[in-house]
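Enquirer: Enclosed is the structure file start_1.txt (compact mmCIF, C-alpha atoms).
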# COMPACT_ATOMS: atom_id res chain seq x y z
CA MET A 16 45.21 24.26 10.55
CA THR A 17 41.96 25.89 9.67
CA VAL A 18 38.67 24.19 9.81
CA GLU A 19 36.02 25.46 7.50
CA ALA A 20 32.56 25.79 8.85
CA GLN A 21 30.45 22.90 7.81
CA GLN A 22 27.55 24.11 5.79
CA GLU A 23 24.35 22.17 5.79
CA PRO A 24 24.17 21.68 2.04
CA TYR A 25 20.57 20.84 1.42
CA GLY A 26 18.71 22.63 4.13
CA ARG A 27 16.76 20.65 6.63
CA HIS A 28 16.47 17.60 4.44
CA ARG A 29 19.89 16.34 3.57
CA GLY A 30 19.88 14.85 0.15
CA ASP A 31 22.83 12.58 0.72
CA ALA A 32 20.55 10.28 2.66
CA ARG A 33 18.60 9.76 -0.53
CA PRO A 34 20.77 8.80 -3.47
CA GLY A 35 19.78 10.41 -6.70
CA LEU A 36 17.65 13.08 -5.14
CA PHE A 37 18.69 16.37 -3.65
CA ARG A 38 18.11 20.03 -3.48
CA ARG A 39 20.48 22.24 -5.37
CA PRO A 40 21.92 24.69 -2.87
CA ASP A 41 23.77 26.69 -5.54
CA VAL A 42 20.62 27.85 -7.22
CA LEU A 43 18.28 28.20 -4.30
CA HIS A 44 16.36 31.21 -5.35
CA GLN A 45 15.79 34.04 -2.97
CA THR A 46 13.85 37.13 -3.77
CA PRO A 47 15.47 40.34 -2.57
CA ALA A 48 15.18 41.17 1.06
CA TYR A 49 12.47 43.62 1.87
CA VAL A 50 11.50 45.80 4.77
CA ASP A 51 8.48 44.79 6.71
CA PRO A 52 5.82 47.51 6.26
CA GLY A 53 5.53 47.52 10.02
CA GLY A 54 8.96 49.06 10.22
CA ALA A 55 11.72 47.23 11.98
CA ALA A 56 12.02 43.71 10.72
CA LEU A 57 14.12 42.98 7.71
CA MET A 58 12.88 39.75 6.20
CA THR A 59 14.13 37.57 3.45
CA GLU A 60 11.63 35.73 1.36
CA THR A 61 12.82 32.20 0.75
CA ARG A 62 9.76 30.46 -0.55
CA THR A 63 11.46 28.92 -3.56
CA ALA A 64 13.29 25.61 -3.63
CA VAL A 65 15.00 23.85 -6.50
CA LEU A 66 14.76 20.07 -6.44
CA GLN A 67 16.97 17.99 -8.67
CA PRO A 68 16.05 14.34 -9.11
CA THR A 69 18.66 12.34 -11.01
CA GLY A 70 18.62 9.16 -13.05
CA ARG A 71 15.35 7.30 -13.51
CA LEU A 72 12.25 8.89 -12.06
CA ASN A 73 10.25 5.68 -12.06
CA MET A 74 8.20 3.54 -9.68
CA VAL A 75 11.32 2.98 -7.57
CA ALA A 76 12.32 6.63 -7.15
CA SER A 77 8.97 8.40 -7.25
CA PRO A 78 7.94 7.79 -3.62
CA ALA A 79 11.13 9.45 -2.34
CA PHE A 80 10.56 12.38 -4.67
CA LYS A 81 7.00 12.80 -3.44
CA ASN A 82 8.20 12.72 0.16
CA LEU A 83 10.83 15.35 -0.52
CA VAL A 84 8.23 17.61 -2.10
CA GLU A 85 5.89 17.18 0.85
CA GLU A 86 8.67 18.01 3.30
CA THR A 87 9.74 21.00 1.22
CA VAL A 88 6.22 22.41 1.10
CA ALA A 89 5.72 21.72 4.79
CA SER A 90 8.89 23.69 5.54
CA GLY A 91 7.35 26.73 3.87
CA GLN A 92 8.98 26.54 0.47
CA THR A 93 5.87 26.39 -1.66
CA ARG A 94 7.40 27.52 -4.95
CA ILE A 95 9.27 24.58 -6.36
CA VAL A 96 11.41 24.36 -9.45
CA VAL A 97 12.13 20.79 -10.50
CA ASP A 98 15.40 20.65 -12.41
CA LEU A 99 14.99 17.62 -14.69
CA GLY A 100 18.35 18.04 -16.43
CA GLN A 101 19.80 14.97 -14.73
CA VAL A 102 16.77 12.74 -15.24
CA THR A 103 17.44 10.04 -17.82
CA PHE A 104 13.97 8.52 -17.88
CA ILE A 105 10.49 9.14 -16.52
CA ASP A 106 7.53 6.79 -16.40
CA SER A 107 3.88 7.31 -15.52
CA SER A 108 4.56 7.02 -11.80
CA GLY A 109 7.17 9.78 -12.14
CA LEU A 110 4.58 11.86 -13.96
CA GLY A 111 2.14 11.13 -11.14
CA ALA A 112 4.73 12.35 -8.65
CA LEU A 113 5.10 15.62 -10.57
CA ILE A 114 1.31 16.06 -10.64
CA SER A 115 1.16 15.32 -6.93
CA ALA A 116 3.89 17.92 -6.37
CA LEU A 117 2.05 20.48 -8.50
CA LYS A 118 -1.11 20.00 -6.44
CA ALA A 119 0.78 20.12 -3.13
CA THR A 120 2.43 23.43 -3.97
CA ARG A 121 -0.78 25.01 -5.26
CA GLN A 122 -2.77 23.90 -2.24
CA ALA A 123 -0.16 25.69 -0.12
CA GLY A 124 -0.48 28.87 -2.19
CA GLY A 125 2.59 28.25 -4.32
CA ASP A 126 3.30 26.63 -7.66
CA LEU A 127 5.60 24.17 -9.42
CA ARG A 128 7.67 24.60 -12.55
CA ILE A 129 9.92 22.21 -14.40
CA ALA A 130 13.15 23.11 -16.14
CA ASP A 131 15.82 21.71 -18.45
CA VAL A 132 13.57 18.92 -19.68
CA PRO A 133 15.32 16.07 -21.56
CA ASP A 134 13.92 14.53 -24.77
CA GLN A 135 12.33 11.43 -23.28
CA VAL A 136 10.59 13.43 -20.57
CA MET A 137 9.36 16.03 -23.07
CA SER A 138 8.01 13.31 -25.37
CA VAL A 139 6.14 11.68 -22.51
CA LEU A 140 4.75 15.01 -21.30
CA ARG A 141 3.38 15.72 -24.77
CA LEU A 142 1.93 12.24 -25.26
CA THR A 143 0.09 12.48 -21.96
CA ASN A 144 -0.97 16.12 -22.51
CA LEU A 145 0.72 17.02 -19.25
CA ASP A 146 2.71 19.74 -20.98
CA ARG A 147 -0.55 21.69 -20.61
CA VAL A 148 -0.38 21.73 -16.83
CA LEU A 149 3.32 21.41 -16.04
CA ARG A 150 4.99 24.64 -17.08
CA VAL A 151 8.22 23.90 -18.90
CA HIS A 152 11.12 26.38 -18.66
CA PRO A 153 14.39 26.12 -20.54
CA THR A 154 16.59 26.64 -17.50
CA VAL A 155 16.35 26.69 -13.73
CA VAL A 156 17.20 30.38 -13.75
CA ASP A 157 14.31 31.12 -16.10
CA ALA A 158 11.98 29.04 -13.98
CA SER A 159 13.02 30.80 -10.80
CA ARG A 160 11.93 34.24 -11.96
CA ASP A 161 8.62 36.10 -11.87
CA TRP A 162 6.35 33.86 -9.87
CA MET B 23 22.36 -5.53 -36.69
CA THR B 24 19.97 -7.83 -34.83
CA GLY B 25 19.94 -9.68 -31.54
CA ASP B 26 17.90 -11.48 -28.91
CA TYR B 27 17.85 -10.67 -25.23
CA VAL B 28 16.24 -12.36 -22.22
CA LEU B 29 15.75 -11.25 -18.63
CA GLU B 30 14.04 -13.19 -15.85
CA GLY B 31 13.09 -11.98 -12.41
CA LEU B 32 10.55 -11.15 -9.78
CA ALA B 33 7.89 -8.62 -10.65
CA VAL B 34 8.78 -6.05 -7.99
CA PRO B 35 9.66 -2.35 -8.41
CA GLU B 36 13.40 -2.92 -8.09
CA SER B 37 13.31 -5.26 -11.09
CA LEU B 38 12.29 -2.35 -13.29
CA ASN B 39 15.84 -1.05 -13.03
CA LEU B 40 17.12 -4.39 -14.38
CA LEU B 41 14.89 -3.92 -17.41
CA HIS B 42 16.27 -0.40 -17.84
CA ASP B 43 19.80 -1.80 -17.60
CA LEU B 44 19.02 -4.42 -20.23
CA LEU B 45 17.67 -1.81 -22.64
CA GLU B 46 20.74 0.35 -22.06
CA ARG B 47 22.85 -2.67 -22.98
CA VAL B 48 20.80 -3.09 -26.14
CA GLY B 49 21.60 0.52 -27.00
CA ARG B 50 25.32 -0.11 -26.57
CA GLU B 51 25.30 -3.34 -28.55
CA GLN B 52 23.03 -2.12 -31.36
CA PRO B 53 24.68 1.12 -32.46
CA ASP B 54 22.58 1.41 -35.62
CA LEU B 55 19.34 1.24 -33.65
CA ASP B 56 17.70 4.66 -33.72
CA ARG B 57 17.97 6.26 -30.27
CA ARG B 58 14.41 7.50 -30.33
CA ASP B 59 13.04 4.07 -31.28
CA LEU B 60 14.82 2.53 -28.33
CA MET B 61 13.83 5.35 -25.99
CA MET B 62 10.16 5.02 -26.86
CA PHE B 63 10.30 1.24 -26.74
CA GLU B 64 11.88 1.45 -23.29
CA THR B 65 9.03 3.74 -22.24
CA ALA B 66 6.52 1.09 -23.27
CA VAL B 67 8.39 -1.80 -21.63
CA ILE B 68 8.62 0.01 -18.31
CA GLU B 69 4.93 0.96 -18.41
CA VAL B 70 3.80 -2.59 -19.16
CA ALA B 71 6.17 -4.01 -16.56
CA GLY B 72 5.05 -1.39 -14.04
CA ASN B 73 1.49 -2.46 -14.69
CA VAL B 74 2.42 -6.05 -13.85
CA VAL B 75 4.21 -4.93 -10.69
CA GLU B 76 1.19 -2.91 -9.63
CA HIS B 77 -1.59 -5.33 -10.53
CA GLY B 78 0.13 -8.72 -10.52
CA ARG B 79 -1.39 -11.20 -8.06
CA PRO B 80 -0.29 -12.51 -5.65
CA PRO B 81 1.82 -9.38 -4.99
CA GLY B 82 5.51 -10.06 -4.63
CA ASP B 83 5.18 -13.64 -5.86
CA VAL B 84 4.86 -13.02 -9.57
CA VAL B 85 7.86 -13.90 -11.71
CA TRP B 86 8.37 -12.64 -15.22
CA THR B 87 10.45 -13.28 -18.29
CA PHE B 88 11.17 -10.54 -20.79
CA ARG B 89 12.29 -11.50 -24.27
CA LEU B 90 13.41 -8.88 -26.73
CA SER B 91 14.17 -9.35 -30.39
CA VAL B 92 15.92 -6.61 -32.29
CA LEU B 93 14.96 -7.34 -35.89
CA PRO B 94 15.86 -5.50 -39.09
CA ASP B 95 12.46 -3.82 -39.30
CA ARG B 96 11.15 -3.82 -35.75
CA LEU B 97 11.65 -4.19 -32.02
CA GLU B 98 9.54 -6.93 -30.51
CA GLY B 99 9.29 -7.59 -26.79
CA VAL B 100 7.24 -10.14 -24.88
CA LEU B 101 6.77 -9.83 -21.14
CA SER B 102 5.37 -13.06 -19.69
CA ASP B 103 4.35 -13.23 -16.04
CA SER B 104 3.15 -16.01 -13.77
CA GLY B 105 0.45 -13.93 -12.11
CA GLU B 106 -3.27 -14.44 -12.11
CA LYS B 107 -5.15 -13.44 -15.23
CA TYR B 108 -4.91 -9.70 -15.86
CA PRO B 109 -8.17 -8.33 -14.45
CA GLY B 110 -8.18 -5.09 -16.40
CA GLY B 111 -10.37 -4.44 -19.37
CA THR B 112 -9.44 -3.01 -22.71
CA TRP B 113 -7.20 -0.01 -23.03
CA GLY B 114 -6.39 2.56 -25.63
CA THR B 115 -4.48 5.75 -26.03
CA ALA B 116 -7.03 7.86 -24.16
CA MET B 117 -5.42 9.71 -21.27
CA PRO B 118 -7.36 10.61 -18.12
CA SER B 119 -9.68 13.52 -18.85
CA ASP B 120 -8.66 15.07 -15.55
CA LEU B 121 -5.14 16.26 -16.24
CA LEU B 122 -4.45 16.42 -12.51
CA GLN B 123 -5.21 12.74 -12.00
CA GLU B 124 -2.04 11.09 -10.73
CA ASP B 125 -2.43 7.63 -12.24
CA GLY B 126 -4.15 5.78 -15.08
CA ARG B 127 -1.72 6.67 -17.87
CA GLY B 128 0.53 3.63 -18.05
CA LEU B 129 -0.98 1.41 -20.73
CA ALA B 130 -2.24 4.40 -22.70
CA LEU B 131 1.30 5.73 -22.81
CA ALA B 132 2.67 2.32 -23.81
CA THR B 133 0.11 2.07 -26.60
CA ALA B 134 0.95 5.56 -27.83
CA VAL B 135 4.62 4.74 -28.36
CA LEU B 136 4.10 1.29 -29.90
CA ASP B 137 2.71 0.08 -33.20
CA SER B 138 0.89 -2.65 -31.32
CA LEU B 139 0.38 -3.89 -27.78
CA GLU B 140 -1.37 -7.21 -27.36
CA TYR B 141 -2.36 -9.20 -24.30
CA GLU B 142 -2.88 -12.93 -24.20
CA ARG B 143 -3.56 -15.41 -21.40
CA ALA B 144 -1.98 -18.75 -22.23
CA ALA B 145 -0.29 -21.63 -20.40
CA ALA B 146 -1.19 -20.16 -17.00
CA ALA B 147 0.68 -16.96 -17.76
CA ASN B 148 0.02 -13.42 -18.97
CA HIS B 149 1.82 -12.43 -22.15
CA TRP B 150 2.23 -8.83 -23.24
CA THR B 151 3.57 -8.47 -26.75
CA MET B 152 5.01 -5.08 -27.68
CA LEU B 153 5.96 -4.13 -31.20
CA ARG B 154 7.54 -0.97 -32.56
CA ARG B 155 8.64 -0.65 -36.17
CA ARG B 156 12.11 0.80 -36.62
CA SER B 157 12.45 4.23 -38.16
Now, as a test, write the supplied structure out as structure tokens.

Expert:
Amino acid sequence: MTVEAQQEPYGRHRGDARPGLFRRPDVLHQTPAYVDPGGAALMTETRTAVLQPTGRLNMVASPAFKNLVEETVASGQTRIVVDLGQVTFIDSSGLGALISALKATRQAGGDLRIADVPDQVMSVLRLTNLDRVLRVHPTVVDASRDW
Amino acid sequence: MTGDYVLEGLAVPESLNLLHDLLERVGREQPDLDRRDLMMFETAVIEVAGNVVEHGRPPGDVVWTFRLSVLPDRLEGVLSDSGEKYPGGTWGTAMPSDLLQEDGRGLALATAVLDSLEYERAAAANHWTMLRRRS
């Protein structure tokens, strides 16, 4: 019998403790490894995280999303892509959580992008003018490039 | 197709999901109702209800009743809550001038997706009447 190594699927913050909210390990973006100008150390830049809230991003779910963003930024991943493809509904508290996340990443020297935005979310972003500050990308892959 | 729906409960965050569930049921039972009309109406209902959850006094003790009528020409919802008189002033569609402000968009967003949003204090309750004409 073989036992496969258990992989920690969502990094330090396991998403399965928070239903409807997790990091997507399959698309965690890593820029190519580079050689430290000092010579010896080979380092991999892993500043980007993809967060994927699911279902309703409303007053019930927003606090957990904000916490996850804060923990992600604190862990050094200051470039965040929020994959909204599985979000069925957003309200103003969800919008507030995205704004909070945008500010948290920028204050840490990073940025936040949103991707795969469903109709209801896009309508609400336009009505609130927040499409001017939250950069919308068609896909997570597009959003993960060229920071 | 028309219909009337009622939901009663406590004005706490978790109850918002019951309102969502009700509106999803409306979508299933009213197949000729335009999806966008329902989606935008749901946006308004959740914002108004969220406002009650946030500002309703005493917190955690406010109960509400939501009545929805799906009529041939419009969607009409009334959210009535037992809380103290709504302390807020008037509202409109103006969004916060600071785009990075995290709150203050709820009733403006509700107003933007409705044809009318009216508030009335009567019979020791707050009544929020939401109307959206069907496409």

Enquirer: Mind running chain A against chain B at 9 Å and telling me each contacting residue's nearest atom pair with the distance in Å (one decimal), counting all atoms listed in the file, chain and number ascending, as a tab-separated table?

Expert:
residue	atom	partner	partner_atom	distance
A:Arg71	CA	B:Asn39	CA	8.4
A:Asn73	CA	B:Leu38	CA	8.4
A:Met74	CA	B:Pro35	CA	6.2
A:Val75	CA	B:Pro35	CA	5.6
A:Phe104	CA	B:Thr65	CA	8.1
A:Ile105	CA	B:Thr65	CA	8.0
A:Asp106	CA	B:Glu69	CA	6.7
A:Ser107	CA	B:Gly128	CA	5.6
A:Ser108	CA	B:Asp125	CA	7.0
A:Leu110	CA	B:Glu124	CA	7.4
A:Gly111	CA	B:Glu124	CA	4.2
A:Ala112	CA	B:Glu124	CA	7.2
A:Leu113	CA	B:Glu124	CA	8.5
A:Ile114	CA	B:Glu124	CA	6.0
A:Ser115	CA	B:Glu124	CA	6.5
A:Leu117	CA	B:Leu122	CA	8.6
A:Lys118	CA	B:Leu122	CA	7.8
A:Asp134	CA	B:Arg58	CA	9.0
A:Gln135	CA	B:Met61	CA	6.8
A:Ser138	CA	B:Met62	CA	8.7
A:Val139	CA	B:Leu131	CA	7.7
A:Leu142	CA	B:Leu131	CA	7.0
A:Thr143	CA	B:Met117	CA	6.2
A:Asn144	CA	B:Leu121	CA	7.5
A:Leu145	CA	B:Leu121	CA	6.6
A:Arg147	CA	B:Leu121	CA	8.3
A:Val148	CA	B:Leu121	CA	7.3

Enquirer: Could you tell me how far CA of His152 in chain A lies from CA of Val88 in chain A, in Å and to one decimal?

Expert: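 According to the coordinates, CA of His152 in chain A and CA of Val88 in chain A are separated by 20.7 Å.
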
Enquirer: Interatomic distance between CA of Pro153 in chain A and CA of Asn82 in chain A?

Expert: 25.4 Å

Enquirer: If you count only C-alpha atoms, which residues fall within 6 Å of range 81-93 of chain B, apart from same-chain ones fewer than 2 positions away, as a PyMOL selection string?

Expert: chain B and resi 24-33+78-79+95-105

Enquirer: Using CA of Ala119 in chain A and CA of Gly70 in chain A as the two end points, give the distance in Å to one decimal.

Expert: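 Interatomic distance here is 23.2 Å.
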
Enquirer: Regenerate range 60-74 of chain A at the level of N, CA and C atoms and dump it as a compact mmCIF listing (two decimals), in the coordinates of the input.

Expert:
# COMPACT_ATOMS: atom_id res chain seq x y z
N GLU A 60 12.62 36.68 1.86
CA GLU A 60 11.63 35.73 1.36
C GLU A 60 12.34 34.54 0.73
N THR A 61 12.13 33.40 1.27
CA THR A 61 12.82 32.20 0.75
C THR A 61 11.80 31.11 0.47
N ARG A 62 10.83 31.43 -0.31
CA ARG A 62 9.76 30.46 -0.55
C ARG A 62 10.10 29.48 -1.67
N THR A 63 11.19 29.73 -2.38
CA THR A 63 11.46 28.92 -3.56
C THR A 63 12.55 27.88 -3.30
N ALA A 64 12.28 26.67 -3.72
CA ALA A 64 13.29 25.61 -3.63
C ALA A 64 13.49 25.00 -5.01
N VAL A 65 14.71 24.57 -5.27
CA VAL A 65 15.00 23.85 -6.50
C VAL A 65 15.30 22.40 -6.13
N LEU A 66 14.54 21.49 -6.69
CA LEU A 66 14.76 20.07 -6.44
C LEU A 66 15.33 19.44 -7.70
N GLN A 67 16.30 18.58 -7.51
CA GLN A 67 16.97 17.99 -8.67
C GLN A 67 17.00 16.46 -8.56
N PRO A 68 15.96 15.79 -9.04
CA PRO A 68 16.05 14.34 -9.11
C PRO A 68 17.06 13.94 -10.19
N THR A 69 17.70 12.80 -10.01
CA THR A 69 18.66 12.34 -11.01
C THR A 69 18.36 10.89 -11.40
N GLY A 70 18.79 10.55 -12.60
CA GLY A 70 18.62 9.16 -13.05
C GLY A 70 17.20 8.89 -13.50
N ARG A 71 16.68 7.75 -13.06
CA ARG A 71 15.35 7.30 -13.51
C ARG A 71 14.29 7.70 -12.49
N LEU A 72 13.36 8.51 -12.94
CA LEU A 72 12.25 8.89 -12.06
C LEU A 72 11.10 7.93 -12.36
N ASN A 73 11.22 6.74 -11.77
CA ASN A 73 10.25 5.68 -12.06
C ASN A 73 9.58 5.21 -10.77
N MET A 74 8.95 4.06 -10.83
CA MET A 74 8.20 3.54 -9.68
C MET A 74 9.10 3.35 -8.46
